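data_32.cif follows; it contains mmCIF, C-alpha atoms.
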data_entry
loop_
_atom_site.label_atom_id
_atom_site.label_comp_id
_atom_site.auth_asym_id
_atom_site.auth_seq_id
_atom_site.Cartn_x
_atom_site.Cartn_y
_atom_site.Cartn_z
CA MET A 1 -2.65 -26.86 -0.02
CA VAL A 2 0.17 -26.99 -2.59
CA SER A 3 3.35 -29.00 -1.97
CA THR A 4 6.77 -29.02 -3.60
CA MET A 5 9.54 -31.42 -2.65
CA SER A 6 10.22 -29.64 0.64
CA ILE A 7 7.76 -26.73 0.85
CA GLU A 8 4.05 -26.72 1.67
CA ILE A 9 1.96 -23.64 0.85
CA ARG A 10 -1.56 -22.90 2.07
CA ALA A 11 -3.85 -20.03 2.95
CA ALA A 12 -2.81 -18.29 6.16
CA GLN A 13 -4.85 -18.83 9.32
CA LEU A 14 -5.07 -16.79 12.50
CA ASP A 15 -2.92 -19.44 14.21
CA ASP A 16 -0.08 -18.34 11.89
CA THR A 17 -0.12 -14.76 13.19
CA THR A 18 2.77 -15.12 15.64
CA ALA A 19 5.09 -16.81 13.15
CA ILE A 20 4.40 -14.26 10.41
CA SER A 21 4.82 -11.31 12.78
CA HIS A 22 8.13 -12.69 14.07
CA ALA A 23 9.38 -13.06 10.49
CA PHE A 24 8.62 -9.42 9.70
CA ARG A 25 10.08 -8.21 12.98
CA ALA A 26 13.30 -10.15 12.34
CA GLN A 27 13.98 -7.72 9.48
CA ILE A 28 14.24 -4.79 11.93
CA GLY A 29 17.81 -4.38 13.19
CA VAL A 30 17.21 -1.78 15.90
CA TRP A 31 14.08 -0.86 17.86
CA GLN A 32 13.95 2.80 18.88
CA ARG A 33 11.72 5.53 20.22
CA VAL A 34 11.98 9.31 20.06
CA THR A 35 11.51 10.96 23.45
CA ARG A 36 9.57 14.16 23.99
CA ASP A 37 12.81 16.14 24.15
CA GLY A 38 13.93 14.74 20.78
CA ARG A 39 16.39 12.10 21.97
CA VAL A 40 16.49 8.69 20.31
CA GLU A 41 16.44 5.70 22.64
CA THR A 42 17.31 2.13 21.62
CA LEU A 43 15.08 -0.33 23.47
CA PRO A 44 13.91 -3.94 23.32
CA HIS A 45 10.83 -4.60 21.19
CA ASP A 46 8.69 -5.39 24.23
CA ALA A 47 9.55 -2.05 25.87
CA LEU A 48 7.88 -0.10 23.07
CA THR A 49 4.20 0.72 22.79
CA VAL A 50 2.12 -0.80 20.01
CA TYR A 51 2.26 2.52 18.15
CA GLU A 52 6.03 2.87 18.55
CA ARG A 53 6.44 -0.60 17.03
CA TRP A 54 3.99 0.34 14.27
CA LEU A 55 6.30 3.18 13.22
CA HIS A 56 8.99 0.61 12.37
CA GLY A 57 6.92 -1.03 9.63
CA GLY A 58 3.17 -1.07 10.14
CA ALA A 59 0.74 -3.71 11.31
CA TRP A 60 3.11 -6.69 11.30
CA MET A 61 5.34 -5.12 13.97
CA SER A 62 3.10 -6.20 16.90
CA ILE A 63 1.11 -9.35 17.52
CA GLU A 64 -1.96 -7.26 18.38
CA THR A 65 -2.08 -5.37 15.08
CA SER A 66 -0.87 -8.41 13.13
CA ALA A 67 -3.95 -10.38 14.18
CA ILE A 68 -6.26 -7.52 13.17
CA TRP A 69 -4.62 -7.21 9.74
CA LEU A 70 -4.46 -10.94 9.02
CA ASN A 71 -8.11 -11.31 10.00
CA HIS A 72 -8.96 -8.52 7.54
CA LEU A 73 -7.17 -10.38 4.75
CA ILE A 74 -8.73 -13.74 5.60
CA LEU A 75 -12.22 -12.21 5.55
CA GLY A 76 -11.73 -11.30 1.89
CA ALA A 77 -9.76 -8.07 1.60
CA GLY A 78 -6.77 -9.85 0.06
CA LEU A 79 -4.82 -13.10 -0.16
CA ALA A 80 -2.40 -14.34 2.51
CA ARG A 81 -0.24 -17.40 1.81
CA VAL A 82 2.24 -19.15 4.11
CA ALA A 83 5.07 -21.53 3.19
CA PHE A 84 6.30 -24.15 5.66
CA ASP A 85 9.03 -26.77 5.44
CA LYS A 86 8.47 -30.38 6.44
CA SER A 87 9.43 -29.66 10.05
CA GLY A 88 6.68 -27.06 10.36
CA LYS A 89 8.98 -24.02 10.29
CA LEU A 90 7.68 -20.92 8.49
CA ARG A 91 9.84 -20.38 5.41
CA GLY A 92 7.93 -17.61 3.70
CA TYR A 93 4.85 -15.44 3.49
CA ALA A 94 3.05 -13.70 0.62
CA GLU A 95 0.28 -11.10 0.66
CA ALA A 96 -1.54 -10.01 -2.49
CA PHE A 97 -4.61 -8.07 -3.65
CA VAL A 98 -6.86 -8.46 -6.67
CA SER A 99 -7.33 -5.09 -8.32
CA THR A 100 -9.54 -4.28 -11.31
CA GLU A 101 -8.42 -0.92 -12.62
CA ALA A 102 -8.66 1.34 -15.61
CA ASP A 103 -6.03 0.96 -18.34
CA PRO A 104 -3.11 0.40 -18.52
CA PHE A 105 -3.25 -1.92 -15.49
CA GLY A 106 -6.50 -3.84 -16.00
CA ARG A 107 -7.31 -6.79 -13.74
CA LEU A 108 -4.23 -7.84 -11.80
CA LEU A 109 -2.96 -9.62 -8.72
CA HIS A 110 -0.59 -7.25 -6.94
CA ILE A 111 2.01 -8.76 -4.60
CA HIS A 112 2.07 -6.42 -1.62
CA HIS A 113 4.50 -8.47 0.48
CA LEU A 114 6.63 -11.49 -0.28
CA MET A 115 9.40 -12.67 2.01
CA ALA A 116 11.13 -16.03 1.83
CA ASP A 117 14.17 -17.76 3.28
CA ASP A 118 15.56 -18.86 -0.10
CA SER A 119 14.96 -19.04 -3.87
CA GLU A 120 13.12 -22.34 -3.63
CA THR A 121 10.53 -20.82 -1.29
CA THR A 122 10.29 -17.67 -3.39
CA ARG A 123 9.58 -19.69 -6.52
CA ALA A 124 7.05 -21.86 -4.70
CA LEU A 125 5.15 -18.83 -3.42
CA LEU A 126 5.21 -17.09 -6.80
CA THR A 127 4.03 -20.25 -8.53
CA HIS A 128 1.15 -20.52 -6.06
CA LEU A 129 0.24 -16.85 -6.58
CA ALA A 130 0.35 -17.31 -10.36
CA ALA A 131 -2.19 -20.11 -9.98
CA ASP A 132 -4.29 -17.81 -7.78
CA ALA A 133 -4.09 -15.10 -10.45
CA ARG A 134 -5.28 -17.48 -13.16
CA SER A 135 -8.18 -18.77 -11.06
CA LEU A 136 -9.22 -15.19 -10.31
CA LYS A 137 -9.07 -14.31 -14.03
CA CYS A 138 -6.29 -11.75 -13.57
CA GLN A 139 -4.40 -10.62 -16.67
CA ARG A 140 -1.08 -10.31 -14.83
CA MET A 141 0.79 -10.33 -11.53
CA THR A 142 2.57 -7.16 -10.48
CA ILE A 143 5.10 -5.99 -7.92
CA THR A 144 6.70 -2.64 -7.15
CA LYS A 145 10.36 -1.89 -7.74
CA ILE A 146 11.99 1.03 -5.89
CA GLY A 147 15.23 2.41 -7.28
CA ASN A 148 17.68 -0.36 -8.10
CA ASP A 149 15.89 -2.85 -5.86
CA ALA A 150 14.81 -5.66 -8.21
CA PRO A 151 13.13 -8.43 -6.18
CA TYR A 152 12.84 -12.04 -7.36
CA MET A 153 15.22 -11.54 -10.29
CA ASP A 154 16.67 -15.00 -9.72
CA VAL A 155 13.34 -16.68 -10.51
CA ALA A 156 11.29 -14.16 -12.50
CA THR A 157 11.32 -11.63 -15.33
CA LEU A 158 10.07 -8.10 -14.65
CA GLU A 159 8.54 -5.73 -17.21
CA CYS A 160 7.93 -2.12 -16.22
CA ILE A 161 4.34 -1.06 -16.97
CA GLY A 162 4.22 2.17 -14.98
CA LEU A 163 6.59 4.73 -13.43
CA LEU A 164 5.49 6.72 -10.37
CA ARG A 165 7.22 9.89 -9.18
CA ARG A 166 6.57 11.81 -5.98
CA TYR A 167 6.08 15.58 -5.83
CA THR A 168 5.45 18.34 -3.33
CA LEU A 169 2.60 20.66 -4.23
CA SER A 170 1.40 23.76 -2.42
CA ALA A 171 -2.14 23.88 -1.08
CA ARG A 172 -3.85 27.02 -2.37
CA GLN A 173 -7.20 28.59 -3.05
CA GLY A 174 -8.52 27.93 -6.52
CA ASN A 175 -11.34 29.11 -8.74
CA VAL A 176 -13.00 25.72 -9.15
CA PHE A 177 -16.44 24.41 -8.23
CA TYR A 178 -16.57 21.06 -6.46
CA ARG A 179 -18.40 19.12 -3.79
CA ALA A 180 -16.61 17.22 -1.01
CA VAL A 181 -18.40 15.18 1.66
CA ASP A 182 -17.24 12.67 4.24
CA HIS A 183 -17.28 9.11 2.94
CA PRO A 184 -16.65 6.51 5.68
CA ASN A 185 -17.82 3.52 3.56
CA VAL A 186 -14.89 1.06 3.43
CA GLU A 187 -16.33 -1.44 0.91
CA GLY A 188 -13.67 -2.22 -1.68
CA GLY A 189 -16.22 -2.91 -4.40
CA GLN A 190 -16.68 0.86 -4.78
CA ILE A 191 -13.41 1.18 -6.68
CA VAL A 192 -13.74 -1.79 -9.06
CA GLY A 193 -12.80 -0.48 -12.50
CA TRP A 194 -11.37 2.74 -11.08
CA GLY A 195 -7.81 3.93 -11.37
CA MET A 196 -5.69 5.60 -8.75
CA PRO A 197 -4.23 8.74 -10.34
CA ILE A 198 -2.59 9.97 -7.11
CA GLY A 199 -0.78 7.87 -4.51
CA ARG A 200 -0.73 4.48 -6.29
CA PHE A 201 2.22 3.02 -4.37
CA GLY A 202 1.03 -0.59 -4.87
CA SER A 203 -2.29 -1.08 -6.61
CA ALA A 204 -5.61 0.72 -6.29
CA ARG A 205 -6.99 -2.10 -4.10
CA SER A 206 -3.91 -2.64 -1.91
CA ALA A 207 -3.77 1.09 -1.17
CA TRP A 208 -7.51 1.17 -0.43
CA GLU A 209 -7.36 -1.72 2.03
CA THR A 210 -4.29 -0.23 3.71
CA VAL A 211 -5.49 3.33 4.26
CA TRP A 212 -9.26 3.58 3.84
CA ASN A 213 -10.24 1.21 6.62
CA HIS A 214 -10.60 2.42 10.21
CA GLN A 215 -9.55 -0.84 11.85
CA PHE A 216 -6.51 0.58 13.65
CA ASN A 217 -8.24 3.61 15.14
CA SER A 218 -8.35 1.77 18.46
CA ILE A 219 -4.68 2.84 18.78
CA PRO A 220 -4.91 6.38 20.20
CA ASP A 221 -1.83 7.72 18.40
CA ILE A 222 -3.12 6.52 15.04
CA ALA A 223 -6.60 7.90 15.70
CA ALA A 224 -5.09 11.24 16.73
CA ARG A 225 -3.40 11.72 13.37
CA LYS A 226 -5.85 13.77 11.33
CA THR A 227 -7.22 11.64 8.50
CA GLN A 228 -10.09 12.46 6.17
CA ARG A 229 -11.90 10.24 3.66
CA LEU A 230 -14.03 12.13 1.17
CA HIS A 231 -16.19 11.67 -1.88
CA MET A 232 -15.56 14.51 -4.34
CA SER A 233 -17.41 15.63 -7.46
CA VAL A 234 -15.46 17.95 -9.75
CA ALA A 235 -16.72 19.01 -13.20
CA GLY A 236 -18.56 15.73 -13.70
CA ILE A 237 -15.70 13.60 -12.37
CA GLU A 238 -16.21 11.44 -9.29
CA ALA A 239 -13.27 10.75 -6.97
CA PHE A 240 -12.44 9.43 -3.53
CA LEU A 241 -9.88 11.50 -1.61
CA HIS A 242 -7.81 10.21 1.30
CA CYS A 243 -5.90 12.94 3.13
CA GLN A 244 -3.62 12.16 6.06
CA GLN A 245 -1.75 14.70 8.11
CA GLY A 246 2.02 14.45 7.89
CA LEU A 247 3.67 12.47 10.65
CA TYR A 248 6.11 15.23 11.62
CA ASP A 249 4.62 18.36 10.04
CA PRO A 250 0.96 19.08 10.84
CA ARG A 251 0.66 21.49 7.90
CA THR A 252 1.69 18.84 5.38
CA ALA A 253 -0.73 16.23 4.05
CA GLU A 254 -0.23 12.97 2.15
CA ILE A 255 -2.80 12.64 -0.64
CA ALA A 256 -4.36 9.63 -2.37
CA VAL A 257 -7.08 9.78 -5.03
CA TRP A 258 -9.17 7.05 -6.70
CA SER A 259 -11.23 7.90 -9.79
CA PRO A 260 -12.73 6.19 -12.85
CA LYS A 261 -11.16 8.83 -15.09
CA PRO A 262 -7.63 10.11 -15.73
CA LEU A 263 -6.30 12.93 -13.58
CA THR A 264 -7.30 16.45 -14.63
CA GLY A 265 -6.14 19.88 -13.61
CA GLN A 266 -9.63 20.58 -12.25
CA VAL A 267 -9.41 17.65 -9.82
CA VAL A 268 -5.93 18.75 -8.72
CA ASN A 269 -7.13 22.33 -8.19
CA ALA A 270 -10.10 21.08 -6.16
CA VAL A 271 -7.81 19.02 -3.92
CA ARG A 272 -5.46 21.99 -3.47
CA ASP A 273 -8.34 24.32 -2.62
CA TRP A 274 -9.97 21.89 -0.18
CA ALA A 275 -6.62 21.19 1.54
CA HIS A 276 -5.92 24.92 1.89
CA ARG A 277 -9.30 25.42 3.57
CA GLU A 278 -8.39 22.60 5.99
CA GLY A 279 -5.25 24.44 7.04
CA TYR A 280 -2.67 22.49 5.04
CA ARG A 281 0.07 24.30 3.16
CA SER A 282 2.03 21.50 1.51
CA LEU A 283 0.78 18.32 -0.20
CA ILE A 284 2.68 15.13 -0.95
CA VAL A 285 1.40 13.59 -4.19
CA ALA A 286 2.70 10.78 -6.37
CA VAL A 287 1.59 10.36 -9.99
CA HIS A 288 2.58 8.38 -13.04
CA ASP A 289 4.47 10.19 -15.75
CA ASP A 290 1.52 10.24 -18.15
CA GLU A 291 -0.49 12.28 -15.63
CA ARG A 292 2.28 14.62 -14.52
CA ALA A 293 0.97 17.55 -16.59
CA ALA A 294 -2.22 17.76 -14.51
CA LEU A 295 -0.20 18.81 -11.45
CA GLY A 296 0.89 22.06 -13.06
CA ALA A 297 4.29 23.66 -13.47
CA ASP A 298 4.91 24.34 -9.79
CA ALA A 299 4.99 20.68 -8.65
CA ASP A 300 8.42 19.94 -7.18
CA ALA A 301 9.80 16.41 -7.61
CA ASP A 302 11.62 15.04 -4.54
CA GLY A 303 13.56 12.32 -6.40
CA TYR A 304 11.54 9.32 -5.22
CA THR A 305 10.53 6.93 -8.01
CA GLN A 306 8.76 3.60 -8.06
CA GLU A 307 8.09 1.21 -10.93
CA THR A 308 5.10 -1.08 -11.24
CA CYS A 309 6.36 -4.26 -12.89
CA ALA A 310 4.51 -7.17 -14.43
CA ILE A 311 6.14 -10.38 -13.20
CA THR A 312 6.58 -13.56 -15.24
CA LEU A 313 8.10 -16.71 -13.79
CA ASP A 314 11.23 -17.87 -15.62
CA GLU A 315 11.34 -21.42 -16.89
CA THR A 316 13.14 -23.84 -14.56
#

Take the structure in this file and express it as C-alpha cells.
Amino acid sequence: MVSTMSIEIRAAQLDDTTAISHAFRAQIGVWQRVTRDGRVETLPHDALTVYERWLHGGAWMSIETSAIWLNHLILGAGLARVAFDKSGKLRGYAEAFVSTEADPFGRLLHIHHLMADDSETTRALLTHLAADARSLKCQRMTITKIGNDAPYMDVATLECIGLLRRYTLSARQGNVFYRAVDHPNVEGGQIVGWGMPIGRFGSARSAWETVWNHQFNSIPDIAARKTQRLHMSVAGIEAFLHCQQGLYDPRTAEIAVWSPKPLTGQVVNAVRDWAHREGYRSLIVAVHDDERAALGADADADGYTQETCAITLDET
C-alpha cells in the first residue's frame, strides 16, 4: 500500500467491486433502453437488464459484470488500483495493462482507465502506476487521447507516439491464398512481442483482454452477437483476427488484428476475402498512419482519430 498525506492506494480487491462500479455508473447522466418498435425509454438503472446497462459503458455498468471483470484483472490480466481517503471513501480508480509490442511502442504500461475526484488523487494514482511501470521494466506509460480531450494535463506531460485513424473498407473477394482457423485460446502470452496493426484503440494487450476472452458470453445478448476469433496465415505472416458483427448492422463487422509483422496488403486482402465469404459487406478498421497504405485507395476515413501518448509526470 502507498500513502500520501490524505490518499491511500493499494491493489483492488473483490470487496471493492461495488464502490468502483458505482463510481463508473455515476458518470452516466441518463439510463435508457430502445424498445422493439424503436422508441427510446428513460428508466432507472435497476429497471434495465444487465445487457442494457452494458451498452452504456461496458462491464463496469453492472455489479454482476464488474465482479467478473475485476476478478479477471486480479488474476493477472492487468493491474487494478484503488485510491481511498482517510475516511475510507473511494477517491479514484486506475486500470492498466503491461504490453510488450513491436516498435515503435516497445514494452509499456497502458492506462486503460483512470478516474479521480481531484488532481491530488490523479497525481497519486499516476505516481503509483509509474512505480508499477518501473518494477515491471516498462519503457514508458501510455494513455489514449481522443480529439481535443487531453487527460491529466494538470499533472503530466503528454508526447504523441502514434496516431490512429478509423476507416470503412468493403469486404470483397480477393486473389490471395491464406489459411484461417478458429482460435479460442485466450492466453495473453501468445501476443508478447506482437503489434496490433488493426484496431489498436488502447494497447495490444488491453485490446486482447477486452475482446478475445469469452467471459461475458453468459449474457445471452452478448453471446448472440456474432464474434469470431481466428488464427490466420498469409504469405508467411501469422496473425490473429477478431471479427465482431456490428451492433446495429449485421452486414458490418468491426475488425482487430494482432501480428508480429507490419500490416501488408496481402493480410488486408485476406481479411476482406474471408469477411466477404462470411456474409459481411462493410468492415470497420483503424490503423496508424504509417500503415495506411496497406488498406488500399478505396478505404474511406470516417473522421475519428485517436492519439497514443507517452505520459511523464510533471515535477511538483

Practice item. In Å, rounded to a single decimal, give me how far CA of His214 (chain A) is from CA of Thr227 (chain A). Key: 10.0 Å

**Study point:** Contacts of region 156-158 of chain A within 7 Å, only C-alpha atoms, excl. fewer than 5 positions in-chain, as a PyMOL selection string
**Key:** chain A and resi 309-314

Exercise for review: Find the spatial neighbours of region 89-98 of chain A, counting all atoms listed in the file, within a cut-off of 7 Å - ignore same-chain residues fewer than 3 positions away - and output them as a list in words.
Suggested key: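 These residues fall inside the cut-off: Ala19, Gly78, Leu79, Ala80, Arg81, Val82, Ala83, Phe84, Asp85, Leu108, Leu109, His110, Ile111, His112, His113, Leu114, Met115, Ala116, Asp117, Thr121, Leu125, Arg205 and Ser206 of chain A.
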
Exercise for review: Can you give me, as number ranges by chain, the residues this file yields under the PyMOL selection byres ((chain A and resi 172) around 8)?
Suggested key: A: 170-171, 173-174, 272-273, 275-276, 281

Practice item. List every protein, DNA or RNA residue with an atom no more than 12 Å from (20.8, -3.2, 15.8) in the file's coordinates, counting all atoms listed in the file, and format the result as a list of chain:residue names. Key: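 The answer, in the requested form, is A:Ala26, A:Gln27, A:Ile28, A:Gly29, A:Val30, A:Trp31, A:Gln32, A:Thr42, A:Leu43, A:Pro44, A:His45.
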
Point to revise | Target residues per the PyMOL selection byres ((chain A and resi 257) around 9), formatted as a ChimeraX atom specification | key: /A:195-200,239-243,255-256,258-259

Revision key, fill the gap. Across A:Ala180, A:Ile74, A:Val186, A:Val234, the smallest distance to Val268 (chain A), with all atoms listed in the file counted, is shown by A:Val234

Exercise for review: Find, counting only C-alpha atoms, the residue in A:Ala301, A:Val50, A:Ile143, A:Ile9 that gets nearest to Gly162 (chain A).
Suggested key: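 Using only C-alpha atoms, the shortest distance to Gly162 (chain A) belongs to A:Ile143.
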